[in-house]
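One file, upload32.txt, carrying compact mmCIF, C-alpha atoms:
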# COMPACT_ATOMS: atom_id res chain seq x y z
CA MET A 1 164.76 41.00 121.98
CA LYS A 2 161.23 42.22 122.34
CA HIS A 3 160.06 44.32 125.24
CA ALA A 4 156.34 43.68 125.26
CA SER A 5 156.13 44.49 128.96
CA THR A 6 157.40 47.99 128.21
CA ARG A 7 154.60 48.55 125.72
CA THR A 8 152.03 47.58 128.31
CA THR A 9 153.38 49.59 131.24
CA THR A 10 153.86 53.10 129.89
CA SER A 11 150.25 54.18 129.55
CA SER A 12 148.36 56.02 132.27
CA PRO A 13 148.08 55.43 135.17
CA ALA A 14 151.26 53.31 135.17
CA PRO A 15 153.83 56.20 135.34
CA ASN A 16 152.26 57.70 138.47
CA LEU A 17 151.72 54.26 139.95
CA GLN A 18 155.37 53.38 139.26
CA LYS A 19 156.57 56.41 141.21
CA ARG A 20 154.47 55.38 144.20
CA VAL A 21 155.65 51.77 143.93
CA VAL A 22 159.28 52.88 144.04
CA ARG A 23 158.60 55.04 147.12
CA VAL A 24 156.92 52.13 148.91
CA LEU A 25 159.77 49.78 148.00
CA ILE A 26 162.32 52.28 149.31
CA ALA A 27 160.50 52.47 152.64
CA GLY A 28 160.26 48.69 152.83
CA GLN A 29 163.94 48.27 151.96
CA ILE A 30 165.03 50.70 154.66
CA LEU A 31 163.00 48.82 157.26
CA GLY A 32 164.16 45.45 155.94
CA GLY A 33 167.77 46.63 156.01
CA ILE A 34 167.40 47.69 159.63
CA GLY A 35 165.86 44.32 160.42
CA MET A 36 168.79 42.44 158.91
CA GLY A 37 171.55 44.83 159.95
CA ALA A 38 170.46 44.93 163.58
CA THR A 39 171.24 41.22 163.94
CA LEU A 40 173.97 40.73 161.34
CA SER A 41 176.86 40.41 163.79
CA LEU A 42 174.85 38.80 166.58
CA GLY A 43 174.19 35.55 164.73
CA ALA A 44 177.85 34.53 164.74
CA LEU A 45 178.27 35.44 168.41
CA LEU A 46 175.17 33.51 169.46
CA ALA A 47 176.14 30.51 167.32
CA ALA A 48 179.49 30.32 169.09
CA GLU A 49 177.88 30.72 172.53
CA LEU A 50 175.04 28.22 172.13
CA SER A 51 177.18 25.61 170.36
CA GLY A 52 180.05 25.97 172.81
CA SER A 53 182.63 26.41 170.06
CA SER A 54 183.74 29.34 167.93
CA ALA A 55 184.14 26.88 165.05
CA TRP A 56 180.35 27.06 164.60
CA SER A 57 180.24 30.83 164.32
CA GLY A 58 180.42 30.67 160.53
CA MET A 59 177.15 28.75 160.50
CA ALA A 60 175.29 32.01 161.10
CA ALA A 61 176.08 33.39 157.66
CA THR A 62 175.73 29.95 156.08
CA MET A 63 172.23 29.37 157.46
CA SER A 64 171.09 32.87 156.57
CA THR A 65 172.33 32.46 152.99
CA LEU A 66 170.79 29.00 152.78
CA GLY A 67 167.47 30.36 154.01
CA ALA A 68 167.54 33.10 151.37
CA ALA A 69 168.25 30.53 148.67
CA ILE A 70 165.51 28.16 149.82
CA VAL A 71 162.72 30.74 149.85
CA ALA A 72 163.75 32.63 146.69
CA VAL A 73 161.78 30.47 144.26
CA PRO A 74 158.69 29.99 146.51
CA LEU A 75 158.47 33.76 147.06
CA ALA A 76 158.76 34.33 143.31
CA ARG A 77 155.96 31.83 142.66
CA LEU A 78 153.83 33.50 145.31
CA ALA A 79 154.44 36.84 143.59
CA GLN A 80 153.33 35.36 140.26
CA ALA A 81 150.14 33.95 141.80
CA ARG A 82 149.22 36.62 144.36
CA GLY A 83 151.34 39.65 143.49
CA ARG A 84 154.37 41.41 144.93
CA ARG A 85 152.33 42.78 147.84
CA VAL A 86 151.61 39.34 149.29
CA SER A 87 155.04 37.92 148.47
CA LEU A 88 157.09 40.74 149.99
CA ALA A 89 154.88 40.95 153.07
CA THR A 90 155.15 37.19 153.57
CA GLY A 91 158.94 37.23 153.31
CA SER A 92 159.15 40.07 155.82
CA LEU A 93 156.91 38.23 158.29
CA MET A 94 159.06 35.10 157.91
CA ALA A 95 162.09 37.16 158.89
CA GLY A 96 160.14 38.52 161.87
CA THR A 97 159.34 34.97 162.92
CA GLY A 98 163.05 34.23 162.72
CA ALA A 99 163.76 37.10 165.12
CA VAL A 100 161.26 35.67 167.63
CA LEU A 101 162.79 32.19 167.36
CA ALA A 102 166.29 33.63 167.82
CA ILE A 103 165.25 35.14 171.15
CA MET A 104 163.58 31.87 172.16
CA SER A 105 166.67 29.83 171.21
CA VAL A 106 168.80 31.79 173.67
CA SER A 107 166.12 31.58 176.35
CA VAL A 108 166.03 27.75 176.13
CA ASP A 109 169.72 27.37 175.17
CA ASN A 110 168.90 25.47 171.96
CA PHE A 111 171.45 25.67 169.14
CA PRO A 112 169.35 23.90 166.45
CA LEU A 113 166.52 26.35 167.11
CA LEU A 114 168.96 29.22 166.53
CA LEU A 115 169.95 27.70 163.19
CA LEU A 116 166.29 27.53 162.19
CA ALA A 117 165.85 31.14 163.28
CA LEU A 118 168.79 32.24 161.16
CA MET A 119 167.35 30.43 158.14
CA LEU A 120 164.07 32.30 158.56
CA LEU A 121 165.95 35.57 158.97
CA GLY A 122 167.51 34.76 155.61
CA ALA A 123 164.02 35.20 154.14
CA GLY A 124 164.54 38.89 154.83
CA SER A 125 167.51 38.90 152.47
CA ALA A 126 165.47 37.10 149.83
CA THR A 127 162.69 39.67 150.25
CA ASN A 128 165.12 42.55 149.83
CA LEU A 129 166.44 40.96 146.65
CA GLN A 130 162.94 40.46 145.25
CA ALA A 131 162.03 44.06 146.03
CA ARG A 132 164.56 45.30 143.47
CA PHE A 133 162.74 43.35 140.77
CA ALA A 134 159.38 44.72 141.92
CA ALA A 135 160.70 48.12 140.85
CA THR A 136 160.86 46.87 137.25
CA ASP A 137 157.30 45.54 136.88
CA LEU A 138 155.81 48.82 135.66
CA ALA A 139 159.03 50.63 134.72
CA SER A 140 159.63 51.72 131.14
CA GLN A 141 162.76 50.36 129.49
CA ARG A 142 164.23 53.86 129.53
CA PHE A 143 164.27 54.05 133.33
CA ARG A 144 164.16 50.38 134.37
CA ALA A 145 167.77 50.12 135.58
CA ARG A 146 167.49 53.49 137.33
CA ASP A 147 164.39 52.52 139.30
CA LEU A 148 165.88 49.16 140.22
CA SER A 149 169.13 50.78 141.36
CA ILE A 150 167.35 53.33 143.54
CA VAL A 151 165.66 50.50 145.45
CA VAL A 152 169.02 48.74 145.78
CA TRP A 153 170.59 51.97 147.06
CA SER A 154 167.96 52.40 149.75
CA THR A 155 169.26 49.23 151.39
CA THR A 156 172.31 51.29 152.37
CA ILE A 157 170.30 53.28 154.90
CA GLY A 158 169.10 50.25 156.81
CA ALA A 159 172.44 48.46 156.48
CA VAL A 160 174.21 51.43 158.08
CA LEU A 161 171.60 52.06 160.78
CA GLY A 162 171.04 48.43 161.72
CA PRO A 163 174.47 47.53 163.17
CA ASN A 164 174.40 50.70 165.27
CA LEU A 165 171.34 49.39 167.11
CA PHE A 166 173.34 46.76 169.01
CA GLY A 167 173.84 49.01 172.03
CA PRO A 168 170.29 50.37 172.13
CA GLY A 169 169.07 46.81 171.59
CA GLU A 170 170.83 45.62 174.71
CA ALA A 171 169.25 48.45 176.69
CA LEU A 172 165.82 47.60 175.30
CA GLY A 173 166.40 43.90 175.96
CA ALA A 174 167.26 44.61 179.59
CA THR A 175 164.07 46.64 179.96
CA LEU A 176 162.00 43.83 178.42
CA GLY A 177 163.76 41.10 180.37
CA LEU A 178 165.25 39.46 177.29
CA PRO A 179 168.39 37.29 177.44
CA ALA A 180 171.76 38.94 176.82
CA MET A 181 172.63 39.74 173.17
CA THR A 182 169.03 39.35 171.98
CA GLY A 183 167.72 42.89 172.41
CA ALA A 184 168.61 43.82 168.82
CA PHE A 185 166.30 41.05 167.64
CA ALA A 186 163.43 43.07 169.11
CA PHE A 187 164.38 45.90 166.75
CA SER A 188 164.59 43.35 163.95
CA LEU A 189 161.11 42.06 164.76
CA GLY A 190 159.65 45.57 164.81
CA ALA A 191 161.35 46.58 161.57
CA THR A 192 160.35 43.46 159.62
CA VAL A 193 156.72 43.61 160.78
CA ALA A 194 156.62 47.29 159.86
CA ALA A 195 158.05 46.41 156.43
CA ALA A 196 155.33 43.80 155.96
CA PHE A 197 152.65 46.42 156.68
CA VAL A 198 154.31 48.89 154.30
CA TYR A 199 154.25 46.34 151.49
CA ALA A 200 150.75 45.06 152.27
CA LEU A 201 149.18 48.52 152.47
CA GLY A 202 151.36 50.47 150.05
CA LEU A 203 151.47 48.17 147.03
CA ARG A 204 147.83 48.71 146.07
CA PRO A 205 147.23 48.17 143.21
CA ASP A 206 149.91 45.52 142.97
CA PRO A 207 152.59 46.37 140.36
CA LEU A 208 153.09 42.83 139.06
CA LEU A 209 149.38 42.04 138.87
CA THR A 210 148.80 45.37 137.13
CA ALA A 211 151.50 44.57 134.57
CA LEU A 212 150.10 41.06 134.03
CA ALA A 213 146.59 42.45 133.55
CA ALA A 214 147.85 44.95 130.97
CA ARG A 215 149.68 42.19 129.14
CA THR A 216 146.52 40.06 129.10
CA THR A 217 144.47 42.92 127.71
CA SER A 218 146.92 43.75 124.92
CA VAL A 219 148.25 40.41 123.66
CA GLY A 220 146.79 37.68 125.85
CA ILE A 221 148.79 35.65 128.32
CA ARG A 222 150.13 32.12 128.41
CA ARG A 223 151.10 29.82 131.25
CA ALA A 224 154.28 30.86 133.05
CA ARG A 225 157.36 28.66 132.62
CA GLY A 226 159.77 27.55 135.32
CA GLY A 227 163.22 29.07 135.72
CA LEU A 228 165.12 26.11 134.28
CA ALA A 229 162.81 25.87 131.30
CA ILE A 230 163.43 29.56 130.59
CA LEU A 231 167.21 29.18 130.78
CA ARG A 232 167.23 26.23 128.40
CA GLY A 233 165.73 28.27 125.60
CA ASN A 234 166.86 31.83 126.35
CA THR A 235 170.51 32.79 125.91
CA ALA A 236 169.98 36.31 127.23
CA ALA A 237 168.45 34.93 130.42
CA ARG A 238 171.32 32.46 130.88
CA TYR A 239 173.85 35.24 130.44
CA ALA A 240 172.15 37.57 132.91
CA VAL A 241 171.80 34.88 135.59
CA VAL A 242 175.45 33.81 135.21
CA VAL A 243 176.69 37.42 135.41
CA ILE A 244 174.87 37.99 138.70
CA ALA A 245 175.84 34.62 140.20
CA LEU A 246 179.55 34.79 139.33
CA SER A 247 179.87 38.44 140.32
CA HIS A 248 178.26 37.65 143.67
CA ALA A 249 180.50 34.59 144.19
CA THR A 250 183.57 36.74 143.49
CA MET A 251 182.45 39.37 145.97
CA VAL A 252 181.56 36.93 148.75
CA ALA A 253 184.76 34.90 148.37
CA LEU A 254 187.00 37.95 148.86
CA MET A 255 184.82 39.80 151.37
CA SER A 256 184.26 36.81 153.66
CA MET A 257 187.99 36.19 154.04
CA ALA A 258 189.03 39.85 154.34
CA PRO A 259 188.41 40.17 158.13
CA VAL A 260 190.51 37.05 158.80
CA HIS A 261 193.34 38.31 156.56
CA LEU A 262 193.29 41.77 158.11
CA ARG A 263 193.26 40.39 161.64
CA ASP A 264 196.17 38.04 160.86
CA HIS A 265 198.18 41.06 159.72
CA GLY A 266 197.61 43.06 162.89
CA ALA A 267 194.50 45.11 162.07
CA THR A 268 192.36 46.09 165.04
CA LEU A 269 188.67 45.28 165.16
CA THR A 270 187.96 48.97 164.58
CA ILE A 271 189.99 48.93 161.36
CA VAL A 272 188.33 45.70 160.27
CA GLY A 273 184.88 47.17 160.89
CA LEU A 274 185.71 50.40 159.07
CA THR A 275 187.08 48.50 156.08
CA ILE A 276 183.99 46.32 155.80
CA SER A 277 181.77 49.40 156.16
CA LEU A 278 183.55 51.04 153.23
CA HIS A 279 183.06 47.86 151.24
CA VAL A 280 179.31 47.85 151.99
CA ALA A 281 179.13 51.51 151.00
CA GLY A 282 180.75 50.57 147.70
CA MET A 283 178.11 47.89 147.18
CA TYR A 284 175.12 50.19 147.53
CA ALA A 285 175.94 53.89 147.64
CA LEU A 286 176.63 54.38 143.92
CA SER A 287 174.04 51.94 142.58
CA PRO A 288 171.82 54.78 141.21
CA ALA A 289 174.79 56.03 139.19
CA PHE A 290 175.33 52.56 137.74
CA GLY A 291 171.61 52.29 136.99
CA ALA A 292 171.65 55.60 135.14
CA LEU A 293 174.76 54.51 133.20
CA ALA A 294 173.10 51.22 132.29
CA ASP A 295 170.05 53.08 130.94
CA ARG A 296 172.25 55.55 129.06
CA PHE A 297 175.03 53.36 127.63
CA GLY A 298 173.57 49.85 127.80
CA ARG A 299 173.62 46.96 130.22
CA LEU A 300 176.55 45.13 128.60
CA ARG A 301 178.94 48.07 128.83
CA VAL A 302 178.16 48.62 132.51
CA ILE A 303 178.65 44.91 133.20
CA LEU A 304 182.06 45.07 131.51
CA GLY A 305 182.87 48.15 133.59
CA GLY A 306 181.82 46.26 136.71
CA GLN A 307 184.07 43.35 135.80
CA ALA A 308 186.96 45.78 135.27
CA LEU A 309 186.38 47.08 138.81
CA LEU A 310 186.28 43.51 140.14
CA LEU A 311 189.51 42.75 138.30
CA GLY A 312 191.08 45.83 139.88
CA ALA A 313 189.92 44.62 143.29
CA LEU A 314 191.40 41.17 142.74
CA GLY A 315 194.65 42.65 141.48
CA ALA A 316 194.90 44.83 144.58
CA ALA A 317 194.19 41.77 146.76
CA TRP A 318 196.93 39.88 144.95
CA LEU A 319 199.42 42.69 145.57
CA SER A 320 198.25 43.70 149.05
CA ASP A 321 200.71 41.59 151.08
CA GLY A 322 198.81 42.48 154.23
CA SER A 323 198.76 46.24 153.58
CA GLN A 324 195.64 47.68 155.23
CA GLY A 325 195.48 50.58 152.78
CA THR A 326 195.68 48.30 149.73
CA MET A 327 193.11 45.96 151.28
CA THR A 328 190.74 48.88 151.78
CA VAL A 329 191.12 49.93 148.15
CA SER A 330 190.54 46.33 147.08
CA LEU A 331 187.34 45.96 149.09
CA VAL A 332 185.91 49.30 147.92
CA LEU A 333 186.57 48.33 144.29
CA LEU A 334 185.04 44.94 145.04
CA GLY A 335 181.83 46.57 146.26
CA LEU A 336 181.68 48.93 143.28
CA GLY A 337 182.25 46.12 140.80
CA TRP A 338 179.54 44.02 142.43
CA SER A 339 177.12 46.95 142.33
CA ALA A 340 177.66 47.73 138.64
CA SER A 341 177.43 44.08 137.61
CA VAL A 342 174.38 43.18 139.71
CA VAL A 343 172.40 46.34 138.86
CA ALA A 344 172.96 45.97 135.11
CA GLY A 345 172.56 42.18 135.27
CA SER A 346 169.29 42.48 137.19
CA ALA A 347 167.94 44.88 134.56
CA LEU A 348 168.78 42.26 131.92
CA VAL A 349 166.98 39.58 133.93
CA ALA A 350 163.86 41.77 133.95
CA GLU A 351 164.14 42.32 130.19
CA ALA A 352 165.09 38.82 129.07
CA VAL A 353 161.52 37.47 129.18
CA GLU A 354 157.93 38.66 128.95
CA ILE A 355 156.05 39.65 132.10
CA GLU A 356 154.39 36.25 132.66
CA ASP A 357 157.82 34.55 132.97
CA ARG A 358 159.57 37.35 134.84
CA SER A 359 158.92 36.19 138.41
CA SER A 360 160.08 32.64 137.67
CA LEU A 361 163.34 33.84 136.16
CA GLN A 362 163.90 36.37 138.94
CA GLY A 363 163.37 33.73 141.60
CA PHE A 364 165.79 31.34 139.90
CA SER A 365 168.31 34.17 139.55
CA ASP A 366 168.13 34.94 143.28
CA LEU A 367 168.46 31.22 144.07
CA SER A 368 171.54 30.99 141.84
CA MET A 369 172.98 34.18 143.33
CA ASN A 370 172.69 32.96 146.92
CA ALA A 371 173.91 29.45 146.07
CA ALA A 372 176.94 30.86 144.23
CA GLY A 373 177.69 33.17 147.16
CA ALA A 374 177.48 30.31 149.65
CA LEU A 375 179.74 28.15 147.47
CA GLY A 376 182.19 31.00 146.96
CA GLY A 377 182.40 31.60 150.69
CA ALA A 378 182.84 27.89 151.42
CA ILE A 379 185.64 27.43 148.88
CA ALA A 380 187.41 30.65 149.87
CA GLY A 381 188.44 29.28 153.27
CA PRO A 382 190.47 26.30 151.98
CA ILE A 383 192.00 28.46 149.21
CA LEU A 384 193.04 31.04 151.81
CA ALA A 385 194.65 28.31 153.89
CA LEU A 386 196.52 26.84 150.91
CA ALA A 387 197.44 29.89 148.83
CA GLY A 388 196.84 32.91 151.04
CA TYR A 389 194.76 35.97 150.23
CA SER A 390 196.85 36.74 147.13
CA GLY A 391 196.17 33.26 145.81
CA LEU A 392 192.47 33.72 146.51
CA GLY A 393 192.49 36.89 144.42
CA LEU A 394 194.18 35.08 141.54
CA CYS A 395 191.72 32.16 141.65
CA ALA A 396 188.73 34.51 141.63
CA MET A 397 190.02 36.09 138.42
CA ALA A 398 188.80 32.96 136.63
CA LEU A 399 185.21 33.88 137.47
CA VAL A 400 185.70 37.40 136.14
CA ALA A 401 187.26 36.00 132.96
CA VAL A 402 184.15 33.94 132.23
CA VAL A 403 181.90 36.98 132.47
CA VAL A 404 184.25 39.20 130.47
CA VAL A 405 184.59 36.74 127.58
CA TRP A 406 180.86 36.11 127.39
CA SER A 407 180.10 39.83 127.62
CA VAL A 408 182.51 40.70 124.81
CA ILE A 409 180.97 38.00 122.61
CA ARG A 410 177.47 39.35 123.24
CA LEU A 411 178.57 42.95 122.69
CA ARG A 412 180.14 42.09 119.35
CA ALA A 413 177.04 40.16 118.32
CA THR A 414 174.91 43.20 119.20
CA HIS A 415 177.09 45.47 117.05
CA ARG A 416 176.79 43.11 114.08
CA GLN A 417 172.99 43.25 114.20
Please re-express this file's structure in structure tokens.
Amino acid sequence: MKHASTRTTTSSPAPNLQKRVVRVLIAGQILGGIGMGATLSLGALLAAELSGSSAWSGMAATMSTLGAAIVAVPLARLAQARGRRVSLATGSLMAGTGAVLAIMSVSVDNFPLLLLALMLLGAGSATNLQARFAATDLASQRFRARDLSIVVWSTTIGAVLGPNLFGPGEALGATLGLPAMTGAFAFSLGATVAAAFVYALGLRPDPLLTALAARTTSVGIRRARGGLAILRGNTAARYAVVVIALSHATMVALMSMAPVHLRDHGATLTIVGLTISLHVAGMYALSPAFGALADRFGRLRVILGGQALLLGALGAAWLSDGSQGTMTVSLVLLGLGWSASVVAGSALVAEAVEIEDRSSLQGFSDLSMNAAGALGGAIAGPILALAGYSGLGLCAMALVAVVVVWSVIRLRATHRQ
């Protein structure tokens, strides 16, 4: 596989520009994480209150995931046409609009308006996903996975800070005269608008447009292809997209049902919250280590390591029998396996095509990732009801098996070359 984009992004001033791009993306990711984290738990509560039934509480996560999937490809196309700066700023402002509509939906007691708001807030998730790819536009192949993983890691800061703003948000909401349980959306609005300004002002010159210009100067440029067209003719791209999608589906299926399983076995809300927090830490905290390993030992080996961690998580889930300690171990391993697989898989997505096709493939990958996660979460509920959490762990092993077999085949083919 050729890496023409690497040849065109390692000359001056790209290295210094790349360092600044990564710093800007980190700042934007922290703000975006605060914006999403500040309202993460509120969506389900408001959905239950405005709909009049707790059965609708799950729609909060569903609509947010759906929103992220819907805007993934349009944001990628906008990045290709206008650059990362415009695309990331637009996605952040869409999330800010969602925060405003969420407050309005409670004010007028309108459940459909809340669902629309949650879809727009999902654009924040799509923006955060696209930001990791922005870190690869000017990165050399030697440090591409590292730079991507650092941006992924920075999400941890906002994800940890955001949920802790619920109390201060209520105090702020009372001061501003906002309805109950909407004060945190004011923090979300402020954080997402600030992120939009960080992207709009900080990403100058734009990393993607700079990379495209360098490519044009060196070898010329052709018309960009769509995501499906790329997948039809590019095995490496198909593999990378499938790795990310199936790893994400595995993670979401187990994680989304864990609170229910823990609660049914007597865990307090504090224990449930702590367990999920450890899982989230596993998802993001060690991503720079996995990025460095992917650069040092290769993407395929780190993906196989990630699948081994996922298999360990599923095995622990199978054997947990309601044990809170075993469940905690399972969810931490689940987060670590997701991190290794997604970081290395995302680096492969960035490398599978030349720069002019990169945004299209990245957008399709994010669409597939969110769709697979939504499907995994939807199927997990019936499986939990029929076979229990142990059965869910066994069923999810099939997804890991697909990735493992394909990875081994590709690794052996690489060794034969």
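As for CA of Leu66 (chain A) and CA of Gly96 (chain A), they are spaced 16.9 Å apart.
Compared by their closest atoms to Val272 (chain A), and using only C-alpha atoms, the residues A:Ala69, A:Ala89, A:Leu331, A:Val24 rank with A:Leu331 nearest.
The shortest atom-to-atom distance to Phe133 (chain A), with all atoms listed in the file taken into account, belongs to A:Val343 out of A:Val343, A:Met397, A:Met369, A:Ala229.
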Non-local contacts of Ala317 (chain A) (8 Å; only C-alpha atoms; under 5 positions in same chain excluded) as a tab-separated table (two decimals) with C-alpha atoms, in the frame of the given file:
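This is the output file out-v6.tsv:
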chain	number	residue	atom	x	y	z
A	326	THR	CA	195.68	48.30	149.73
A	327	MET	CA	193.11	45.96	151.28
A	330	SER	CA	190.54	46.33	147.08
A	389	TYR	CA	194.76	35.97	150.23
A	390	SER	CA	196.85	36.74	147.13
A	393	GLY	CA	192.49	36.89	144.42
Kindly indicate which residue among A:Thr210, A:Ser105, A:Gln29, A:Thr192 lies nearest to Ala131 (chain A), using only C-alpha atoms for the distances. A:Gln29
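The residue that comes closest to Leu189 (chain A), out of A:Val242, A:Ala102, A:Val22, A:Ala347 and on the basis of all atoms listed in the file, is A:Ala102.
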May I have the residues within 7 Å of Ile150 (chain A) as a PDB file with C-alpha atoms, keeping the file's coordinate frame, using only C-alpha atoms and disregarding those fewer than 4 positions away in the same chain?
ATOM      1  CA  ARG A 146     167.490  53.490 137.330  1.00  0.00           C
ATOM      2  CA  SER A 154     167.960  52.400 149.750  1.00  0.00           C
ATOM      3  CA  SER A 287     174.040  51.940 142.580  1.00  0.00           C
ATOM      4  CA  PRO A 288     171.820  54.780 141.210  1.00  0.00           C
TER       5      PRO A 288
END
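Excluding Tyr199 (chain A) and any residue on its chain fewer than 2 positions from it, the residues at most 7 Å away by only C-alpha atoms are Val24, Gly28, Arg85, Leu88, Ala89, Ala195, Ala196, Phe197, Leu201, Gly202 and Leu203 of chain A.
Rounded to one decimal, CA of Lys19 (chain A) and CA of Ala292 (chain A) lie 16.3 Å from each other.
In this structure, CA of Ser365 (chain A) sits 18.8 Å away from CA of Asp147 (chain A).
Distance check against Ser64 (chain A) using all atoms listed in the file: of A:Gly373, A:Pro259, A:Gly169, A:Gly190, the minimum falls on A:Gly373.
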Excluding Asn128 (chain A) and any residue of its chain fewer than 4 positions from it, enumerate the residues within 9 Å of it, using all atoms listed in the file, and give them as JSON, numbers by chain. {"A": [28, 29, 32, 33, 88, 91, 92, 123, 124, 132, 152, 155]}
Starting from the point (168.4, 32.0, 172.6), work out which residues of protein, DNA or RNA have an atom no more than 10 Å away when counting only C-alpha atoms; state them as number ranges by chain. A: 46-47, 49-50, 100-111, 113-114, 117, 178-182
Suppose we keep C-alpha atoms; can you now write the selection as a PDB file, in the frame of the given file?
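Dumped to out_18.pdb:
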ATOM      1  CA  LEU A  46     175.170  33.510 169.460  1.00  0.00           C
ATOM      2  CA  ALA A  47     176.140  30.510 167.320  1.00  0.00           C
ATOM      3  CA  GLU A  49     177.880  30.720 172.530  1.00  0.00           C
ATOM      4  CA  LEU A  50     175.040  28.220 172.130  1.00  0.00           C
ATOM      5  CA  VAL A 100     161.260  35.670 167.630  1.00  0.00           C
ATOM      6  CA  LEU A 101     162.790  32.190 167.360  1.00  0.00           C
ATOM      7  CA  ALA A 102     166.290  33.630 167.820  1.00  0.00           C
ATOM      8  CA  ILE A 103     165.250  35.140 171.150  1.00  0.00           C
ATOM      9  CA  MET A 104     163.580  31.870 172.160  1.00  0.00           C
ATOM     10  CA  SER A 105     166.670  29.830 171.210  1.00  0.00           C
ATOM     11  CA  VAL A 106     168.800  31.790 173.670  1.00  0.00           C
ATOM     12  CA  SER A 107     166.120  31.580 176.350  1.00  0.00           C
ATOM     13  CA  VAL A 108     166.030  27.750 176.130  1.00  0.00           C
ATOM     14  CA  ASP A 109     169.720  27.370 175.170  1.00  0.00           C
ATOM     15  CA  ASN A 110     168.900  25.470 171.960  1.00  0.00           C
ATOM     16  CA  PHE A 111     171.450  25.670 169.140  1.00  0.00           C
ATOM     17  CA  LEU A 113     166.520  26.350 167.110  1.00  0.00           C
ATOM     18  CA  LEU A 114     168.960  29.220 166.530  1.00  0.00           C
ATOM     19  CA  ALA A 117     165.850  31.140 163.280  1.00  0.00           C
ATOM     20  CA  LEU A 178     165.250  39.460 177.290  1.00  0.00           C
ATOM     21  CA  PRO A 179     168.390  37.290 177.440  1.00  0.00           C
ATOM     22  CA  ALA A 180     171.760  38.940 176.820  1.00  0.00           C
ATOM     23  CA  MET A 181     172.630  39.740 173.170  1.00  0.00           C
ATOM     24  CA  THR A 182     169.030  39.350 171.980  1.00  0.00           C
TER      25      THR A 182
END
Please tabulate, as a Markdown table, the residues of region 281-342 of chain A that come within 10 Å of region 261-266 of chain A, each with its closest pair of atoms and the distance in Å to one decimal, counting all atoms listed in the file and ordering rows by chain, then residue number upward.
| residue | atom | partner | partner_atom | distance |
| --- | --- | --- | --- | --- |
| A:Asp321 | CA | A:His265 | CA | 9.0 |
| A:Gly322 | CA | A:His265 | CA | 5.7 |
| A:Ser323 | CA | A:His265 | CA | 8.1 |
| A:Gln324 | CA | A:Leu262 | CA | 7.0 |
| A:Met327 | CA | A:Leu262 | CA | 8.0 |
| A:Thr328 | CA | A:Leu262 | CA | 9.9 |
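Closest approach to Thr156 (chain A) from the set A:Val302, A:Ala281, A:Ala313, A:Ile355 is made by A:Ala281, with distances taken over only C-alpha atoms.
Using only C-alpha atoms, the protein and nucleic acid residues lying at most 10 Å from the point (173.5, 47.4, 175.0) are Leu165, Phe166, Gly167, Pro168, Gly169, Glu170, Ala171, Leu172, Gly173, Ala174, Ala180, Met181, Thr182, Gly183 and Ala184 of chain A.
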List the spatial neighbours of Ala237 (chain A) as a list in words - criterion: any atom at most 10 Å away, only C-alpha atoms, same-chain residues fewer than 5 positions off excluded. Gly227, Ile230, Leu231, Arg232, Val242, Val243, Gly345, Leu348, Val349, Ala350, Glu351, Ala352, Val353, Leu361, Gln362 and Ser365 of chain A
